[in-house]
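Here is the file my_file-v3.cif (mmCIF, C-alpha atoms).
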data_input
loop_
_atom_site.label_atom_id
_atom_site.label_comp_id
_atom_site.auth_asym_id
_atom_site.auth_seq_id
_atom_site.Cartn_x
_atom_site.Cartn_y
_atom_site.Cartn_z
CA MET A 1 -42.55 71.79 83.82
CA ALA A 2 -42.40 73.97 80.72
CA GLU A 3 -43.19 72.26 77.48
CA LYS A 4 -40.64 72.25 74.66
CA GLY A 5 -42.47 74.91 72.61
CA ASN A 6 -42.53 77.30 75.54
CA ARG A 7 -38.79 76.96 76.08
CA SER A 8 -38.03 77.54 72.42
CA GLN A 9 -40.24 80.65 72.35
CA ILE A 10 -38.55 82.01 75.47
CA LYS A 11 -35.15 81.30 73.90
CA SER A 12 -36.31 83.16 70.79
CA ILE A 13 -37.42 86.16 72.86
CA TRP A 14 -34.07 86.31 74.67
CA GLY A 15 -32.14 85.74 71.45
CA LEU A 16 -33.90 88.59 69.67
CA ALA A 17 -33.59 90.91 72.67
CA LYS A 18 -29.84 90.29 72.98
CA SER A 19 -29.15 90.41 69.23
CA LYS A 20 -26.52 92.88 68.05
CA GLU A 21 -29.21 95.07 66.46
CA LEU A 22 -31.33 95.44 69.61
CA ASN A 23 -29.04 94.58 72.54
CA LEU A 24 -31.89 95.31 74.96
CA ALA A 25 -31.30 95.49 78.68
CA ASP A 26 -33.40 93.04 80.70
CA GLU A 27 -35.62 95.84 82.03
CA ASP A 28 -36.24 97.10 78.48
CA LEU A 29 -37.30 93.64 77.36
CA TYR A 30 -39.65 93.31 80.30
CA ALA A 31 -41.07 96.78 79.57
CA ILE A 32 -41.95 95.54 76.08
CA ILE A 33 -43.49 92.36 77.50
CA ILE A 34 -45.60 94.39 79.95
CA ARG A 35 -46.64 96.84 77.22
CA GLU A 36 -47.69 94.08 74.84
CA THR A 37 -49.26 91.60 77.28
CA GLY A 38 -49.87 93.32 80.60
CA LYS A 39 -47.86 90.56 82.30
CA ASP A 40 -44.49 90.92 83.98
CA SER A 41 -43.23 87.34 83.69
CA MET A 42 -42.41 85.32 80.58
CA ARG A 43 -43.58 82.17 82.34
CA GLN A 44 -47.08 83.64 82.65
CA LEU A 45 -47.36 84.30 78.91
CA THR A 46 -49.55 82.19 76.70
CA THR A 47 -48.18 80.89 73.41
CA LYS A 48 -50.09 83.62 71.56
CA GLU A 49 -48.64 86.33 73.82
CA LYS A 50 -45.11 85.00 73.34
CA ASN A 51 -45.65 85.06 69.59
CA ARG A 52 -46.82 88.69 69.85
CA VAL A 53 -43.66 89.63 71.78
CA ILE A 54 -41.51 87.79 69.22
CA THR A 55 -43.24 89.65 66.38
CA VAL A 56 -42.67 93.01 68.09
CA LEU A 57 -38.98 92.19 68.65
CA ILE A 58 -38.56 91.10 65.02
CA ASN A 59 -40.16 94.35 63.84
CA MET A 60 -37.90 96.33 66.17
CA LYS A 61 -34.85 94.48 64.87
CA ASP A 62 -35.86 95.16 61.27
CA SER A 63 -36.46 98.85 62.00
CA VAL A 64 -32.99 99.29 63.50
CA LYS A 65 -31.35 98.63 60.16
CA GLY A 66 -31.41 102.36 59.42
CA LYS A 67 -34.59 102.70 57.44
CA ARG A 68 -37.42 104.90 58.56
CA THR A 69 -40.57 102.91 58.91
CA ASP A 70 -44.22 103.71 59.38
CA THR A 71 -44.84 100.02 60.00
CA GLY A 72 -43.53 97.76 62.72
CA GLY A 73 -42.83 98.95 66.21
CA ASN A 74 -45.77 99.66 68.50
CA THR A 75 -48.85 98.98 66.36
CA ARG A 76 -50.96 101.21 68.59
CA THR A 77 -48.94 104.27 67.58
CA THR A 78 -48.82 103.87 63.79
CA ARG A 79 -51.12 106.85 63.10
CA GLN A 80 -49.33 108.99 65.65
CA ARG A 81 -45.97 108.19 64.05
CA LYS A 82 -47.33 109.26 60.67
CA LYS A 83 -48.24 112.62 62.23
CA ILE A 84 -44.76 112.82 63.77
CA TYR A 85 -43.16 112.18 60.37
CA MET A 86 -45.33 114.96 58.84
CA LEU A 87 -44.09 117.36 61.53
CA THR A 88 -40.45 116.30 61.12
CA LYS A 89 -40.80 116.96 57.40
CA GLU A 90 -41.89 120.53 58.19
CA LEU A 91 -38.80 120.87 60.39
CA GLY A 92 -36.55 119.50 57.65
CA TRP A 93 -35.62 116.40 59.66
CA ASN A 94 -37.04 113.76 57.29
CA ASN A 95 -33.75 113.08 55.54
CA ASN A 96 -32.03 112.32 58.85
CA ASN A 97 -33.75 109.54 60.81
CA ALA A 98 -30.98 109.69 63.42
CA ARG A 99 -32.08 113.23 64.30
CA ILE A 100 -35.62 112.28 65.37
CA ASN A 101 -34.33 109.16 67.14
CA GLY A 102 -31.75 111.29 68.96
CA PHE A 103 -34.49 113.69 70.02
CA VAL A 104 -36.64 110.75 71.20
CA LYS A 105 -33.67 109.38 73.16
CA LYS A 106 -33.03 112.75 74.81
CA MET A 107 -36.67 113.47 75.70
CA PHE A 108 -37.98 109.99 76.59
CA ASN A 109 -34.86 107.86 77.11
CA VAL A 110 -36.13 105.50 74.41
CA GLU A 111 -33.80 104.48 71.58
CA ARG A 112 -36.25 104.59 68.65
CA LEU A 113 -39.40 106.43 67.70
CA GLU A 114 -41.11 103.12 66.89
CA TRP A 115 -40.80 102.04 70.54
CA LEU A 116 -42.78 104.94 72.06
CA ASP A 117 -46.17 104.32 73.66
CA ASN A 118 -49.36 106.33 72.95
CA ASN A 119 -48.74 108.87 75.70
CA GLN A 120 -45.14 109.46 74.68
CA CYS A 121 -46.15 109.89 71.02
CA SER A 122 -48.80 112.44 72.02
CA ARG A 123 -46.26 114.41 74.04
CA LEU A 124 -43.77 114.25 71.16
CA ILE A 125 -46.40 115.52 68.70
CA GLU A 126 -47.10 118.50 70.95
CA MET A 127 -43.37 119.25 71.26
CA LEU A 128 -42.90 119.07 67.49
CA LYS A 129 -45.96 121.30 66.89
CA SER A 130 -44.44 123.91 69.19
CA MET A 131 -41.14 123.69 67.34
CA VAL A 132 -42.86 124.09 63.96
CA GLU A 133 -44.80 127.10 65.29
CA ARG A 134 -41.58 128.70 66.58
CA GLU A 135 -39.87 128.13 63.23
CA ALA A 136 -42.84 129.67 61.40
CA ALA A 137 -42.79 132.67 63.75
CA LYS A 138 -39.05 133.16 63.15
CA LYS A 139 -39.64 133.25 59.43
CA GLY A 140 -42.56 135.66 59.87
CA ASP A 141 -44.78 133.10 58.20
CA GLY A 142 -47.22 132.74 61.09
CA SER A 143 -48.95 129.84 59.36
CA PHE A 144 -49.07 126.36 60.76
CA GLY A 145 -51.25 123.51 59.52
CA SER A 146 -51.88 120.61 61.87
#
If you convert what's in this file into structure tokens, what do you get?
Amino acid sequence: MAEKGNRSQIKSIWGLAKSKELNLADEDLYAIIIRETGKDSMRQLTTKEKNRVITVLINMKDSVKGKRTDTGGNTRTTRQRKKIYMLTKELGWNNNNARINGFVKKMFNVERLEWLDNNQCSRLIEMLKSMVEREAAKKGDGSFGS
């Protein structure tokens, strides 16, 4: 039988996932749980792992409020996201966070940049580098600093 704390943590996870800001599908929530804990069942999670999932969901919810953030989201990709933001600045996308999130949605079927994993961030960086190089070539600049 689950103890009271476990039930309240699971309720918190579901409540955050189904909040109006996130409105995650069940499979998206479980993808986050697997990414963060390596487990595919909430019942298998330790208290510490549930707290980690709750923290990630809270950070995701906060990041949805329209502000660009270099914090929150997947903590393993913070440095990669900083590189991505440098590249989007070169493309002139920094004033429109919806543009990079739209690109992320189109390319990776993920709603927000902050939710990408390491591999997806690496692929995005390479795509953005190519775009910056093409823009530089169009302008006859030929220079690109990575």
With distances taken over only C-alpha atoms, which of A:Arg112, A:Lys89, A:Arg79, A:Gln44 is nearest to A:Asp62?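 Under the stated criterion, the closest residue is A:Arg112.
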Using the chain letters and numbers from this file, what does the PyMOL selection byres ((chain A and resi 26) around 12) select? Give the answer as a count of residues only. 20
Residues in the PyMOL selection byres ((chain A and resi 98-107) around 10), expressed as a PDB file with C-alpha atoms, keeping the file's coordinate frame:
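Okay, result01.pdb is ready:
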ATOM      1  CA  GLY A  66     -31.410 102.360  59.420  1.00  0.00           C
ATOM      2  CA  LYS A  67     -34.590 102.700  57.440  1.00  0.00           C
ATOM      3  CA  ARG A  68     -37.420 104.900  58.560  1.00  0.00           C
ATOM      4  CA  ILE A  84     -44.760 112.820  63.770  1.00  0.00           C
ATOM      5  CA  TYR A  85     -43.160 112.180  60.370  1.00  0.00           C
ATOM      6  CA  THR A  88     -40.450 116.300  61.120  1.00  0.00           C
ATOM      7  CA  TRP A  93     -35.620 116.400  59.660  1.00  0.00           C
ATOM      8  CA  ASN A  94     -37.040 113.760  57.290  1.00  0.00           C
ATOM      9  CA  ASN A  95     -33.750 113.080  55.540  1.00  0.00           C
ATOM     10  CA  ASN A  96     -32.030 112.320  58.850  1.00  0.00           C
ATOM     11  CA  ASN A  97     -33.750 109.540  60.810  1.00  0.00           C
ATOM     12  CA  PHE A 108     -37.980 109.990  76.590  1.00  0.00           C
ATOM     13  CA  ASN A 109     -34.860 107.860  77.110  1.00  0.00           C
ATOM     14  CA  VAL A 110     -36.130 105.500  74.410  1.00  0.00           C
ATOM     15  CA  GLU A 111     -33.800 104.480  71.580  1.00  0.00           C
ATOM     16  CA  ARG A 112     -36.250 104.590  68.650  1.00  0.00           C
ATOM     17  CA  LEU A 113     -39.400 106.430  67.700  1.00  0.00           C
ATOM     18  CA  GLU A 114     -41.110 103.120  66.890  1.00  0.00           C
ATOM     19  CA  TRP A 115     -40.800 102.040  70.540  1.00  0.00           C
ATOM     20  CA  LEU A 116     -42.780 104.940  72.060  1.00  0.00           C
ATOM     21  CA  GLN A 120     -45.140 109.460  74.680  1.00  0.00           C
ATOM     22  CA  CYS A 121     -46.150 109.890  71.020  1.00  0.00           C
ATOM     23  CA  ARG A 123     -46.260 114.410  74.040  1.00  0.00           C
ATOM     24  CA  LEU A 124     -43.770 114.250  71.160  1.00  0.00           C
ATOM     25  CA  MET A 127     -43.370 119.250  71.260  1.00  0.00           C
TER      26      MET A 127
END
Residue IDs satisfying the PyMOL selection byres ((chain A and resi 46-55) around 7), as a list in words: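 So the PyMOL selection byres ((chain A and resi 46-55) around 7) ends up selecting Gln9, Ile13, Ile33, Glu36, Thr37, Gln44, Leu45, Val56, Leu57, Ile58 and Asn59 of chain A.
Minimum distance to A:Ile34 across A:Glu21, A:Asp117, A:Glu126, A:Glu135 (counting all atoms listed in the file) occurs at A:Asp117.
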Have a look at atom CA of A:Met86 and atom CA of A:Asn118 and let me know their distance in Å, one decimal. 17.0 Å
What's the separation between atom CA of A:Met131 and atom CA of A:Leu91, in Å to one decimal place?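 According to the coordinates, atom CA of A:Met131 and atom CA of A:Leu91 are separated by 7.9 Å.
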What gap, in Å, lies between atom CA of A:Lys83 and atom CA of A:Arg35? 21.8 Å
Which of these residues is nearest to A:Arg81, using all atoms listed in the file: A:Ser19, A:Gly38, A:Leu128, A:Asn6?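 Closest candidate: A:Leu128.
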Edge lengths and centre in Å to one decimal, as JSON, is what I'm after for the box along x, y and z that holds all listed atoms of stretch 31-36 of chain A once 3 Å is added on each side.
{"center_x": -44.4, "center_y": 94.6, "center_z": 77.4, "size_x": 12.6, "size_y": 10.5, "size_z": 11.1}
How about completing stretch 113-138 of chain A with N, CA and C atoms and giving it to me as a PDB file, in the frame of the given file?
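Result file follows (selection.pdb):
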ATOM      1  N   LEU A 113     -38.053 105.903  67.789  1.00  0.00           N
ATOM      2  CA  LEU A 113     -39.400 106.430  67.700  1.00  0.00           C
ATOM      3  C   LEU A 113     -40.447 105.323  67.714  1.00  0.00           C
ATOM      4  N   GLU A 114     -40.156 104.224  67.016  1.00  0.00           N
ATOM      5  CA  GLU A 114     -41.110 103.120  66.890  1.00  0.00           C
ATOM      6  C   GLU A 114     -41.431 102.462  68.229  1.00  0.00           C
ATOM      7  N   TRP A 115     -40.621 102.702  69.248  1.00  0.00           N
ATOM      8  CA  TRP A 115     -40.800 102.040  70.540  1.00  0.00           C
ATOM      9  C   TRP A 115     -41.609 102.873  71.530  1.00  0.00           C
ATOM     10  N   LEU A 116     -42.006 104.090  71.156  1.00  0.00           N
ATOM     11  CA  LEU A 116     -42.780 104.940  72.060  1.00  0.00           C
ATOM     12  C   LEU A 116     -44.189 104.398  72.252  1.00  0.00           C
ATOM     13  N   ASP A 117     -44.774 104.689  73.423  1.00  0.00           N
ATOM     14  CA  ASP A 117     -46.170 104.320  73.660  1.00  0.00           C
ATOM     15  C   ASP A 117     -47.072 105.487  73.246  1.00  0.00           C
ATOM     16  N   ASN A 118     -48.395 105.303  73.377  1.00  0.00           N
ATOM     17  CA  ASN A 118     -49.360 106.330  72.950  1.00  0.00           C
ATOM     18  C   ASN A 118     -49.110 107.668  73.638  1.00  0.00           C
ATOM     19  N   ASN A 119     -48.928 107.645  74.938  1.00  0.00           N
ATOM     20  CA  ASN A 119     -48.740 108.870  75.700  1.00  0.00           C
ATOM     21  C   ASN A 119     -47.463 109.594  75.269  1.00  0.00           C
ATOM     22  N   GLN A 120     -46.391 108.848  75.104  1.00  0.00           N
ATOM     23  CA  GLN A 120     -45.140 109.460  74.680  1.00  0.00           C
ATOM     24  C   GLN A 120     -45.261 110.052  73.273  1.00  0.00           C
ATOM     25  N   CYS A 121     -45.951 109.358  72.378  1.00  0.00           N
ATOM     26  CA  CYS A 121     -46.150 109.890  71.020  1.00  0.00           C
ATOM     27  C   CYS A 121     -46.956 111.188  71.066  1.00  0.00           C
ATOM     28  N   SER A 122     -47.995 111.220  71.898  1.00  0.00           N
ATOM     29  CA  SER A 122     -48.800 112.440  72.020  1.00  0.00           C
ATOM     30  C   SER A 122     -47.962 113.601  72.511  1.00  0.00           C
ATOM     31  N   ARG A 123     -47.131 113.354  73.517  1.00  0.00           N
ATOM     32  CA  ARG A 123     -46.260 114.410  74.040  1.00  0.00           C
ATOM     33  C   ARG A 123     -45.263 114.864  72.984  1.00  0.00           C
ATOM     34  N   LEU A 124     -44.713 113.906  72.222  1.00  0.00           N
ATOM     35  CA  LEU A 124     -43.770 114.250  71.160  1.00  0.00           C
ATOM     36  C   LEU A 124     -44.435 115.093  70.082  1.00  0.00           C
ATOM     37  N   ILE A 125     -45.660 114.732  69.711  1.00  0.00           N
ATOM     38  CA  ILE A 125     -46.400 115.520  68.700  1.00  0.00           C
ATOM     39  C   ILE A 125     -46.561 116.953  69.169  1.00  0.00           C
ATOM     40  N   GLU A 126     -46.935 117.140  70.422  1.00  0.00           N
ATOM     41  CA  GLU A 126     -47.100 118.500  70.950  1.00  0.00           C
ATOM     42  C   GLU A 126     -45.781 119.259  70.945  1.00  0.00           C
ATOM     43  N   MET A 127     -44.686 118.593  71.296  1.00  0.00           N
ATOM     44  CA  MET A 127     -43.370 119.250  71.260  1.00  0.00           C
ATOM     45  C   MET A 127     -43.019 119.671  69.840  1.00  0.00           C
ATOM     46  N   LEU A 128     -43.230 118.773  68.886  1.00  0.00           N
ATOM     47  CA  LEU A 128     -42.900 119.070  67.490  1.00  0.00           C
ATOM     48  C   LEU A 128     -43.786 120.188  66.944  1.00  0.00           C
ATOM     49  N   LYS A 129     -45.070 120.198  67.319  1.00  0.00           N
ATOM     50  CA  LYS A 129     -45.960 121.300  66.890  1.00  0.00           C
ATOM     51  C   LYS A 129     -45.424 122.630  67.376  1.00  0.00           C
ATOM     52  N   SER A 130     -44.996 122.671  68.632  1.00  0.00           N
ATOM     53  CA  SER A 130     -44.440 123.910  69.190  1.00  0.00           C
ATOM     54  C   SER A 130     -43.190 124.334  68.423  1.00  0.00           C
ATOM     55  N   MET A 131     -42.351 123.377  68.085  1.00  0.00           N
ATOM     56  CA  MET A 131     -41.140 123.690  67.340  1.00  0.00           C
ATOM     57  C   MET A 131     -41.466 124.226  65.958  1.00  0.00           C
ATOM     58  N   VAL A 132     -42.448 123.624  65.294  1.00  0.00           N
ATOM     59  CA  VAL A 132     -42.860 124.090  63.960  1.00  0.00           C
ATOM     60  C   VAL A 132     -43.424 125.502  64.073  1.00  0.00           C
ATOM     61  N   GLU A 133     -44.231 125.755  65.092  1.00  0.00           N
ATOM     62  CA  GLU A 133     -44.800 127.100  65.290  1.00  0.00           C
ATOM     63  C   GLU A 133     -43.704 128.129  65.523  1.00  0.00           C
ATOM     64  N   ARG A 134     -42.693 127.782  66.331  1.00  0.00           N
ATOM     65  CA  ARG A 134     -41.580 128.700  66.580  1.00  0.00           C
ATOM     66  C   ARG A 134     -40.805 128.989  65.290  1.00  0.00           C
ATOM     67  N   GLU A 135     -40.575 127.948  64.503  1.00  0.00           N
ATOM     68  CA  GLU A 135     -39.870 128.130  63.230  1.00  0.00           C
ATOM     69  C   GLU A 135     -40.668 129.036  62.294  1.00  0.00           C
ATOM     70  N   ALA A 136     -41.991 128.836  62.251  1.00  0.00           N
ATOM     71  CA  ALA A 136     -42.840 129.670  61.400  1.00  0.00           C
ATOM     72  C   ALA A 136     -42.820 131.121  61.872  1.00  0.00           C
ATOM     73  N   ALA A 137     -42.826 131.316  63.198  1.00  0.00           N
ATOM     74  CA  ALA A 137     -42.790 132.670  63.750  1.00  0.00           C
ATOM     75  C   ALA A 137     -41.460 133.356  63.426  1.00  0.00           C
ATOM     76  N   LYS A 138     -40.360 132.605  63.476  1.00  0.00           N
ATOM     77  CA  LYS A 138     -39.050 133.160  63.150  1.00  0.00           C
ATOM     78  C   LYS A 138     -38.996 133.656  61.712  1.00  0.00           C
TER      79      LYS A 138
END
